[in-house]
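S.K.: Got a file for you: final.csv, CSV, C-alpha atoms and all ligand atoms.
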```csv
chain,number,residue,atom,x,y,z
A,1,MET,CA,-21.2,-3.1,11.5
A,2,MET,CA,-23.6,-0.2,10.8
A,3,THR,CA,-26.3,-0.5,8.2
A,4,ALA,CA,-28.4,2.4,6.9
A,5,SER,CA,-31.1,2.6,4.2
A,6,GLY,CA,-33.8,5.0,3.3
A,7,GLY,CA,-35.8,3.6,0.4
A,8,ALA,CA,-32.6,2.5,-1.4
A,9,ALA,CA,-30.8,-0.7,-0.7
A,10,ALA,CA,-28.6,-0.6,2.4
A,11,VAL,CA,-25.2,1.0,2.9
A,12,THR,CA,-23.2,-1.1,5.3
A,13,VAL,CA,-20.1,0.4,7.0
A,14,VAL,CA,-17.8,-2.5,8.0
A,15,ASP,CA,-16.4,-1.0,11.2
A,16,HIS,CA,-14.6,-4.1,12.4
A,17,PRO,CA,-11.5,-3.0,14.3
A,18,LEU,CA,-9.2,-4.9,11.9
A,19,VAL,CA,-10.7,-3.1,8.9
A,20,GLN,CA,-10.4,0.3,10.6
A,21,HIS,CA,-6.8,-0.3,11.7
A,22,LYS,CA,-5.7,-1.4,8.3
A,23,LEU,CA,-7.6,1.5,6.6
A,24,THR,CA,-5.8,4.0,8.8
A,25,MET,CA,-2.5,2.5,7.8
A,26,MET,CA,-3.5,2.8,4.1
A,27,ARG,CA,-4.5,6.5,4.5
A,28,ASP,CA,-1.0,7.3,5.8
A,29,ARG,CA,0.8,9.2,2.9
A,30,ASP,CA,4.1,7.5,3.9
A,31,ARG,CA,2.8,3.9,3.4
A,32,SER,CA,4.8,2.2,0.8
A,33,THR,CA,3.3,0.9,-2.5
A,34,LYS,CA,3.9,-2.7,-1.3
A,35,GLY,CA,2.3,-2.0,2.1
A,36,PHE,CA,-0.7,-0.2,0.5
A,37,ARG,CA,-1.3,-3.1,-1.9
A,38,GLU,CA,-1.0,-5.7,0.8
A,39,LEU,CA,-3.4,-3.9,3.1
A,40,LEU,CA,-5.9,-3.4,0.2
A,41,ASN,CA,-5.8,-7.2,-0.3
A,42,GLU,CA,-6.3,-7.9,3.4
A,43,ILE,CA,-9.2,-5.5,3.7
A,44,GLY,CA,-10.7,-7.1,0.5
A,45,MET,CA,-10.7,-10.4,2.3
A,46,LEU,CA,-12.4,-8.9,5.4
A,47,LEU,CA,-15.0,-7.1,3.3
A,48,ALA,CA,-15.7,-10.3,1.3
A,49,TYR,CA,-16.5,-12.0,4.6
A,50,GLU,CA,-19.1,-9.4,5.4
A,51,VAL,CA,-20.6,-9.0,1.9
A,52,THR,CA,-21.2,-12.8,1.6
A,53,ARG,CA,-22.7,-13.1,5.1
A,54,ASP,CA,-26.2,-13.8,3.9
A,55,LEU,CA,-25.5,-16.2,1.0
A,56,PRO,CA,-28.0,-19.0,1.0
A,57,LEU,CA,-26.8,-22.4,2.2
A,58,GLU,CA,-28.0,-25.9,1.2
A,59,ALA,CA,-27.7,-29.2,3.0
A,60,ILE,CA,-25.1,-31.7,1.8
A,61,SER,CA,-24.6,-35.2,3.0
A,62,ILE,CA,-20.9,-36.1,3.9
A,63,GLU,CA,-19.1,-38.7,5.8
A,64,THR,CA,-16.7,-37.6,8.6
A,65,PRO,CA,-14.1,-40.2,9.7
A,66,LEU,CA,-16.7,-41.1,12.4
A,67,GLN,CA,-20.1,-41.0,10.8
A,68,ARG,CA,-22.4,-39.6,8.1
A,69,MET,CA,-23.7,-36.2,8.7
A,70,GLU,CA,-25.6,-33.4,7.0
A,71,GLY,CA,-23.2,-30.4,6.4
A,72,ARG,CA,-24.0,-27.1,4.7
A,73,GLN,CA,-22.6,-25.6,1.6
A,74,ILE,CA,-23.2,-22.4,-0.4
A,75,ALA,CA,-26.1,-23.0,-2.7
A,76,GLY,CA,-26.4,-22.1,-6.4
A,77,LYS,CA,-23.8,-20.9,-8.9
A,78,LYS,CA,-20.5,-19.3,-8.1
A,79,LEU,CA,-20.1,-15.6,-7.5
A,80,VAL,CA,-18.7,-13.2,-10.0
A,81,LEU,CA,-16.1,-10.7,-8.8
A,82,ALA,CA,-16.2,-7.6,-11.1
A,83,PRO,CA,-13.3,-5.2,-10.4
A,84,ILE,CA,-13.4,-1.9,-12.1
A,85,LEU,CA,-10.0,-1.4,-13.7
A,86,ARG,CA,-7.6,-0.5,-12.5
A,87,ALA,CA,-7.9,0.1,-8.7
A,88,GLY,CA,-10.6,-2.5,-8.3
A,89,VAL,CA,-8.1,-5.2,-9.1
A,90,GLY,CA,-6.5,-4.4,-5.7
A,91,PHE,CA,-9.4,-6.3,-4.0
A,92,LEU,CA,-9.2,-9.3,-6.3
A,93,ASP,CA,-6.5,-11.6,-4.8
A,94,GLY,CA,-7.7,-11.2,-1.3
A,95,MET,CA,-11.3,-12.0,-2.3
A,96,LEU,CA,-10.3,-14.9,-4.6
A,97,SER,CA,-8.3,-16.4,-1.7
A,98,LEU,CA,-11.6,-16.8,0.2
A,99,MET,CA,-13.7,-17.6,-2.9
A,100,PRO,CA,-11.4,-19.4,-5.2
A,101,SER,CA,-14.1,-20.7,-7.5
A,102,ALA,CA,-15.6,-17.2,-8.2
A,103,ARG,CA,-15.7,-16.1,-11.8
A,104,VAL,CA,-14.1,-12.7,-12.7
A,105,ALA,CA,-15.5,-10.0,-14.9
A,106,HIS,CA,-13.1,-7.2,-15.8
A,107,ILE,CA,-14.6,-3.7,-16.4
A,108,GLY,CA,-12.2,-1.2,-18.0
A,109,LEU,CA,-13.4,2.3,-17.1
A,110,TYR,CA,-11.2,5.3,-16.6
A,111,ARG,CA,-12.2,8.7,-15.2
A,112,ASP,CA,-11.8,11.5,-17.7
A,113,PRO,CA,-9.7,14.0,-15.7
A,114,ASP,CA,-11.6,17.0,-17.2
A,115,THR,CA,-15.2,15.8,-17.2
A,116,LEU,CA,-14.8,13.2,-14.4
A,117,GLN,CA,-17.1,11.0,-16.6
A,118,ALA,CA,-16.5,7.2,-16.9
A,119,VAL,CA,-15.1,6.1,-20.3
A,120,GLU,CA,-15.3,2.4,-21.1
A,121,TYR,CA,-12.3,0.8,-22.8
A,122,TYR,CA,-12.7,-2.9,-21.9
A,123,PHE,CA,-15.5,-5.3,-20.8
A,124,LYS,CA,-15.2,-9.1,-20.4
A,125,SER,CA,-17.6,-11.1,-18.2
A,126,PRO,CA,-19.0,-14.6,-17.9
A,127,SER,CA,-22.1,-15.0,-20.1
A,128,ASP,CA,-24.4,-16.2,-17.4
A,129,LEU,CA,-24.4,-13.1,-15.3
A,130,ALA,CA,-28.2,-13.4,-14.8
A,131,ASP,CA,-27.7,-16.5,-12.7
A,132,ARG,CA,-25.0,-15.2,-10.4
A,133,THR,CA,-24.4,-12.8,-7.6
A,134,VAL,CA,-22.1,-10.1,-8.9
A,135,LEU,CA,-19.8,-8.2,-6.5
A,136,VAL,CA,-18.7,-5.0,-8.2
A,137,LEU,CA,-15.3,-3.9,-6.8
A,138,ASP,CA,-13.8,-0.4,-6.7
A,139,PRO,CA,-11.9,1.0,-3.7
A,140,MET,CA,-13.2,4.6,-4.1
A,141,LEU,CA,-16.8,5.5,-4.4
A,142,ALA,CA,-16.2,9.2,-5.2
A,143,THR,CA,-18.4,10.9,-7.8
A,144,ALA,CA,-19.8,7.4,-8.4
A,145,ASN,CA,-19.6,7.9,-12.2
A,146,SER,CA,-17.5,4.7,-12.7
A,147,ALA,CA,-19.6,2.7,-10.3
A,148,VAL,CA,-22.9,3.8,-11.9
A,149,ALA,CA,-21.5,3.1,-15.4
A,150,ALA,CA,-20.1,-0.3,-14.4
A,151,VAL,CA,-23.4,-1.5,-12.8
A,152,GLU,CA,-25.3,-0.2,-15.9
A,153,ARG,CA,-23.1,-2.3,-18.2
A,154,LEU,CA,-23.4,-5.4,-16.0
A,155,LYS,CA,-27.2,-5.0,-15.8
A,156,SER,CA,-27.4,-4.5,-19.6
A,157,ARG,CA,-25.6,-7.9,-19.9
A,158,GLY,CA,-28.1,-9.6,-17.7
A,159,ALA,CA,-26.9,-9.2,-14.1
A,160,LYS,CA,-29.8,-8.9,-11.6
A,161,ASP,CA,-28.2,-9.5,-8.2
A,162,LEU,CA,-25.5,-7.0,-7.7
A,163,ARG,CA,-23.6,-5.7,-4.6
A,164,PHE,CA,-21.1,-2.9,-4.6
A,165,VAL,CA,-18.0,-3.1,-2.5
A,166,CYS,CA,-15.6,-0.2,-1.8
A,167,LEU,CA,-13.0,0.9,0.7
A,168,LEU,CA,-14.0,4.6,1.0
A,169,ALA,CA,-17.2,6.4,0.0
A,170,ALA,CA,-18.0,10.1,-0.2
A,171,PRO,CA,-21.6,11.0,0.8
A,172,GLU,CA,-22.0,12.5,-2.6
A,173,GLY,CA,-21.0,9.3,-4.3
A,174,ILE,CA,-23.4,7.2,-2.2
A,175,ALA,CA,-26.3,9.6,-3.0
A,176,ARG,CA,-25.6,9.4,-6.7
A,177,PHE,CA,-25.1,5.7,-6.7
A,178,GLN,CA,-28.3,5.1,-4.8
A,179,GLN,CA,-30.3,7.4,-7.1
A,180,ALA,CA,-29.0,5.5,-10.2
A,181,HIS,CA,-29.2,2.0,-8.7
A,182,PRO,CA,-31.5,1.9,-5.7
A,183,ASP,CA,-31.6,-1.9,-5.9
A,184,VAL,CA,-27.8,-2.4,-5.3
A,185,PRO,CA,-26.6,-2.5,-1.7
A,186,VAL,CA,-23.2,-1.0,-0.8
A,187,TRP,CA,-20.5,-2.2,1.6
A,188,THR,CA,-17.7,0.2,2.6
A,189,ALA,CA,-15.0,0.4,5.3
A,190,ALA,CA,-15.8,4.1,5.9
A,191,ILE,CA,-17.8,7.1,4.7
A,192,ASP,CA,-15.6,10.2,4.5
A,193,GLU,CA,-16.4,13.9,4.8
A,194,ARG,CA,-16.8,15.0,1.2
A,195,LEU,CA,-15.5,15.3,-2.4
A,196,ASN,CA,-13.1,18.1,-3.3
A,197,ASP,CA,-13.2,20.1,-6.5
A,198,HIS,CA,-11.1,17.5,-8.3
A,199,GLY,CA,-13.4,14.7,-7.4
A,200,TYR,CA,-11.1,13.3,-4.7
A,201,ILE,CA,-12.4,11.9,-1.4
A,202,VAL,CA,-11.4,14.1,1.6
A,203,PRO,CA,-9.7,13.2,3.8
A,204,GLY,CA,-9.4,10.0,1.7
A,205,LEU,CA,-6.2,8.3,0.8
A,206,GLY,CA,-5.3,10.0,-2.5
A,207,ASP,CA,-5.4,8.2,-5.8
A,208,ALA,CA,-5.9,4.5,-5.0
A,209,GLY,CA,-4.7,3.3,-8.4
A,210,ASP,CA,-1.5,5.4,-8.2
A,211,ARG,CA,-0.8,4.3,-4.7
A,212,MET,CA,-1.3,0.6,-5.5
A,213,TYR,CA,0.9,0.7,-8.6
A,214,GLY,CA,3.4,3.3,-7.6
A,215,THR,CA,2.5,5.5,-10.6
A,216,ARG,CA,2.3,8.8,-8.8
A,301,LIG,N1,-10.4,7.9,-7.0
A,301,LIG,C1,-9.3,7.8,-6.2
A,301,LIG,O1,-8.5,7.0,-6.4
A,301,LIG,N2,-9.3,8.6,-5.1
A,301,LIG,C2,-10.2,9.5,-4.8
A,301,LIG,O2,-10.1,10.2,-3.8
A,301,LIG,C3,-11.3,9.6,-5.6
A,301,LIG,C4,-11.4,8.8,-6.7
```
What does this structure look like when you write it as structure tokens?

M.R.:
Amino acid sequence: MMTASGGAAAVTVVDHPLVQHKLTMMRDRDRSTKGFRELLNEIGMLLAYEVTRDLPLEAISIETPLQRMEGRQIAGKKLVLAPILRAGVGFLDGMLSLMPSARVAHIGLYRDPDTLQAVEYYFKSPSDLADRTVLVLDPMLATANSAVAAVERLKSRGAKDLRFVCLLAAPEGIARFQQAHPDVPVWTAAIDERLNDHGYIVPGLGDAGDRMYGTR
């Protein structure tokens, strides 16, 4: 795992062999919709494992079949998973399978194809965001317009402890996100070369939402 930061919160590239192998399978243009979706879920699980690595633990007294002992459990309130619709939902099942009690906030943003700006059409979250760690989910950190807008909206509703999780990031997206939200660390499976003129990550994997849902 590689972590870099320079003033802003860290960007962690999860370079685990399983993640890299699955990501390469996803990039392949011939991967089926079913295969793409399954792989996104699986990588979601692996990223969830890394992004929750430093969650605080507290002692809890339990009884094994042999004796009483002090175990450890995650302290505090449950996490919030906040997928940006629609591609962010691709991470949700995998992450919920590891964190079944997490709350879910849905953030409906789409990218205007002409301006590339994020337009909100839906927002629904738990009311106690201020007391929870919020994992904002979107597979592609491209222009970062959606990511920046989603985090702004979550902060305006009280969220203070946020982490951004993606599959692929463009250097331009990371720079813009860190400029807007220097307090929010980022986890990604890879940082690609660049954005093209249409706001796609190169070499990337194409449109994540279309590939997940077969809407190409
Ligand atoms: N969104 C996508 O789905 N793919 C990209 O390459 C950029 C943004």

S.K.: For range 40-42 of chain A, list every protein, DNA or RNA residue within 7 Å, evaluated using all atoms listed in the file, and leave out those in the same chain fewer than 6 positions away; present the list as a ChimeraX atom specification.

M.R.: /A:90-91,93-94

S.K.: To one decimal in Å, tell me the separation between CA of Thr143 in chain A and CA of Tyr121 in chain A.

M.R.: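 Calculated distance between CA of Thr143 in chain A and CA of Tyr121 in chain A is 19.1 Å.
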
S.K.: Quick one, how far is CA of Val11 in chain A from CA of Tyr122 in chain A?

M.R.: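 Rounded to one decimal, the two atoms are 28.0 Å apart.
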
S.K.: I'd like the interatomic distance between CA of Val14 in chain A and CA of Gly76 in chain A, to a tenth of an Å.

M.R.: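 The value is 25.8 Å.
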
S.K.: Quick one: residues within 8 Å of range 158-163 of chain A, only C-alpha atoms counted, chain neighbours fewer than 3 positions away excluded, as an MDAnalysis selection string?

M.R.: chainID A and resid 51 128:136 151 154:155 184:187

S.K.: For the selection you just gave me, I'd like the residues written to a file as a PDB file, in the frame of the given file, keeping C-alpha atoms.

M.R.:
```
ATOM      1  CA  VAL A  51     -20.600  -9.000   1.900  1.00  0.00           C
ATOM      2  CA  ASP A 128     -24.400 -16.200 -17.400  1.00  0.00           C
ATOM      3  CA  LEU A 129     -24.400 -13.100 -15.300  1.00  0.00           C
ATOM      4  CA  ALA A 130     -28.200 -13.400 -14.800  1.00  0.00           C
ATOM      5  CA  ASP A 131     -27.700 -16.500 -12.700  1.00  0.00           C
ATOM      6  CA  ARG A 132     -25.000 -15.200 -10.400  1.00  0.00           C
ATOM      7  CA  THR A 133     -24.400 -12.800  -7.600  1.00  0.00           C
ATOM      8  CA  VAL A 134     -22.100 -10.100  -8.900  1.00  0.00           C
ATOM      9  CA  LEU A 135     -19.800  -8.200  -6.500  1.00  0.00           C
ATOM     10  CA  VAL A 136     -18.700  -5.000  -8.200  1.00  0.00           C
ATOM     11  CA  VAL A 151     -23.400  -1.500 -12.800  1.00  0.00           C
ATOM     12  CA  LEU A 154     -23.400  -5.400 -16.000  1.00  0.00           C
ATOM     13  CA  LYS A 155     -27.200  -5.000 -15.800  1.00  0.00           C
ATOM     14  CA  VAL A 184     -27.800  -2.400  -5.300  1.00  0.00           C
ATOM     15  CA  PRO A 185     -26.600  -2.500  -1.700  1.00  0.00           C
ATOM     16  CA  VAL A 186     -23.200  -1.000  -0.800  1.00  0.00           C
ATOM     17  CA  TRP A 187     -20.500  -2.200   1.600  1.00  0.00           C
TER      18      TRP A 187
END
```

S.K.: Within 12 Å of ligand LIG 301 (chain A), counting all atoms listed in the file, which protein or nucleic acid residues do you find, written as an MDAnalysis selection string?

M.R.: chainID A and resid 27 84:88 90 109:113 116:118 138:147 166:170 172:173 191:213 215:216

S.K.: Nearest residue to Val119 in chain A out of A:Ile62, A:Ala102, A:Val148, A:Ala9, using only C-alpha atoms?

M.R.: A:Val148

S.K.: Enumerate, as a JSON list (two decimals) with C-alpha atoms, in the frame of the given file, the protein, DNA and RNA residues whose atoms approach (-34.2, -21.4, 1.7) to within 12 Å, taking into account all atoms listed in the file and the coordinate frame of the file.

M.R.:
```json
[["chain", "number", "residue", "atom", "x", "y", "z"],
["A", 54, "ASP", "CA", -26.20, -13.80, 3.90],
["A", 55, "LEU", "CA", -25.50, -16.20, 1.00],
["A", 56, "PRO", "CA", -28.00, -19.00, 1.00],
["A", 57, "LEU", "CA", -26.80, -22.40, 2.20],
["A", 58, "GLU", "CA", -28.00, -25.90, 1.20],
["A", 59, "ALA", "CA", -27.70, -29.20, 3.00],
["A", 74, "ILE", "CA", -23.20, -22.40, -0.40],
["A", 75, "ALA", "CA", -26.10, -23.00, -2.70],
["A", 76, "GLY", "CA", -26.40, -22.10, -6.40]]
```

S.K.: From the options A:Arg29, A:Ala150, A:Ala48, A:Thr115, which residue's atoms come nearest to Ala82 in chain A, counting all atoms listed in the file?

M.R.: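 The answer is A:Ala150, which sits nearest to Ala82 in chain A.
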
S.K.: Would you mind telling me which residue in A:Arg103, A:Lys124, A:Arg53, A:His181 lies nearest to Leu79 in chain A when using only C-alpha atoms?

M.R.: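 Selected residue with least distance to Leu79 in chain A: A:Arg103.
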
S.K.: Using all atoms listed in the file, find the one residue out of A:Leu46, A:Gly7, A:Ser32, A:Ser125 that sits nearest to Val19 in chain A.

M.R.: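 Closest candidate: A:Leu46.
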
S.K.: Of the candidates A:Leu96, A:Val89, A:Thr52, A:Gln178, which one gets nearest to Leu137 in chain A if we count all atoms listed in the file?

M.R.: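 Ranking A:Leu96, A:Val89, A:Thr52, A:Gln178 by distance to Leu137 in chain A, first place goes to A:Val89.
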
S.K.: Between A:Val165, A:Gly108, A:Asp114, A:Arg68, single out the one closest to Met95 in chain A, counting only C-alpha atoms.

M.R.: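 Answer, going by the shortest atom-to-atom distance: A:Val165.
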
S.K.: Please complete range 181-196 of chain A so it has N, CA and C atoms, and hand it over as a compact mmCIF listing (two decimals), keeping the file's coordinate frame.

M.R.:
```txt
# COMPACT_ATOMS: atom_id res chain seq x y z
N HIS A 181 -28.98 3.42 -8.87
CA HIS A 181 -29.20 2.00 -8.70
C HIS A 181 -29.71 1.70 -7.27
N PRO A 182 -30.96 2.05 -7.02
CA PRO A 182 -31.50 1.90 -5.70
C PRO A 182 -31.60 0.41 -5.23
N ASP A 183 -31.45 -0.49 -6.20
CA ASP A 183 -31.60 -1.90 -5.90
C ASP A 183 -30.21 -2.55 -5.50
N VAL A 184 -29.14 -1.78 -5.54
CA VAL A 184 -27.80 -2.40 -5.30
C VAL A 184 -27.25 -1.93 -3.96
N PRO A 185 -27.11 -2.85 -3.01
CA PRO A 185 -26.60 -2.50 -1.70
C PRO A 185 -25.06 -2.21 -1.80
N VAL A 186 -24.58 -1.43 -0.84
CA VAL A 186 -23.20 -1.00 -0.80
C VAL A 186 -22.52 -1.43 0.48
N TRP A 187 -21.30 -1.93 0.40
CA TRP A 187 -20.50 -2.20 1.60
C TRP A 187 -19.23 -1.30 1.48
N THR A 188 -18.88 -0.65 2.57
CA THR A 188 -17.70 0.20 2.60
C THR A 188 -17.03 0.13 3.95
N ALA A 189 -15.72 0.43 3.98
CA ALA A 189 -15.00 0.40 5.30
C ALA A 189 -15.24 1.78 5.99
N ALA A 190 -15.53 2.84 5.23
CA ALA A 190 -15.80 4.10 5.90
C ALA A 190 -16.47 5.08 4.89
N ILE A 191 -17.20 6.03 5.48
CA ILE A 191 -17.80 7.10 4.70
C ILE A 191 -17.06 8.40 5.13
N ASP A 192 -16.36 9.02 4.20
CA ASP A 192 -15.60 10.20 4.50
C ASP A 192 -16.40 11.47 4.47
N GLU A 193 -15.71 12.63 4.65
CA GLU A 193 -16.40 13.90 4.80
C GLU A 193 -17.11 14.36 3.49
N ARG A 194 -16.31 14.38 2.39
CA ARG A 194 -16.80 15.00 1.20
C ARG A 194 -15.90 14.76 -0.01
N LEU A 195 -16.32 15.26 -1.16
CA LEU A 195 -15.50 15.30 -2.40
C LEU A 195 -14.86 16.68 -2.49
N ASN A 196 -13.62 16.77 -2.97
CA ASN A 196 -13.10 18.10 -3.30
C ASN A 196 -13.39 18.48 -4.72
```
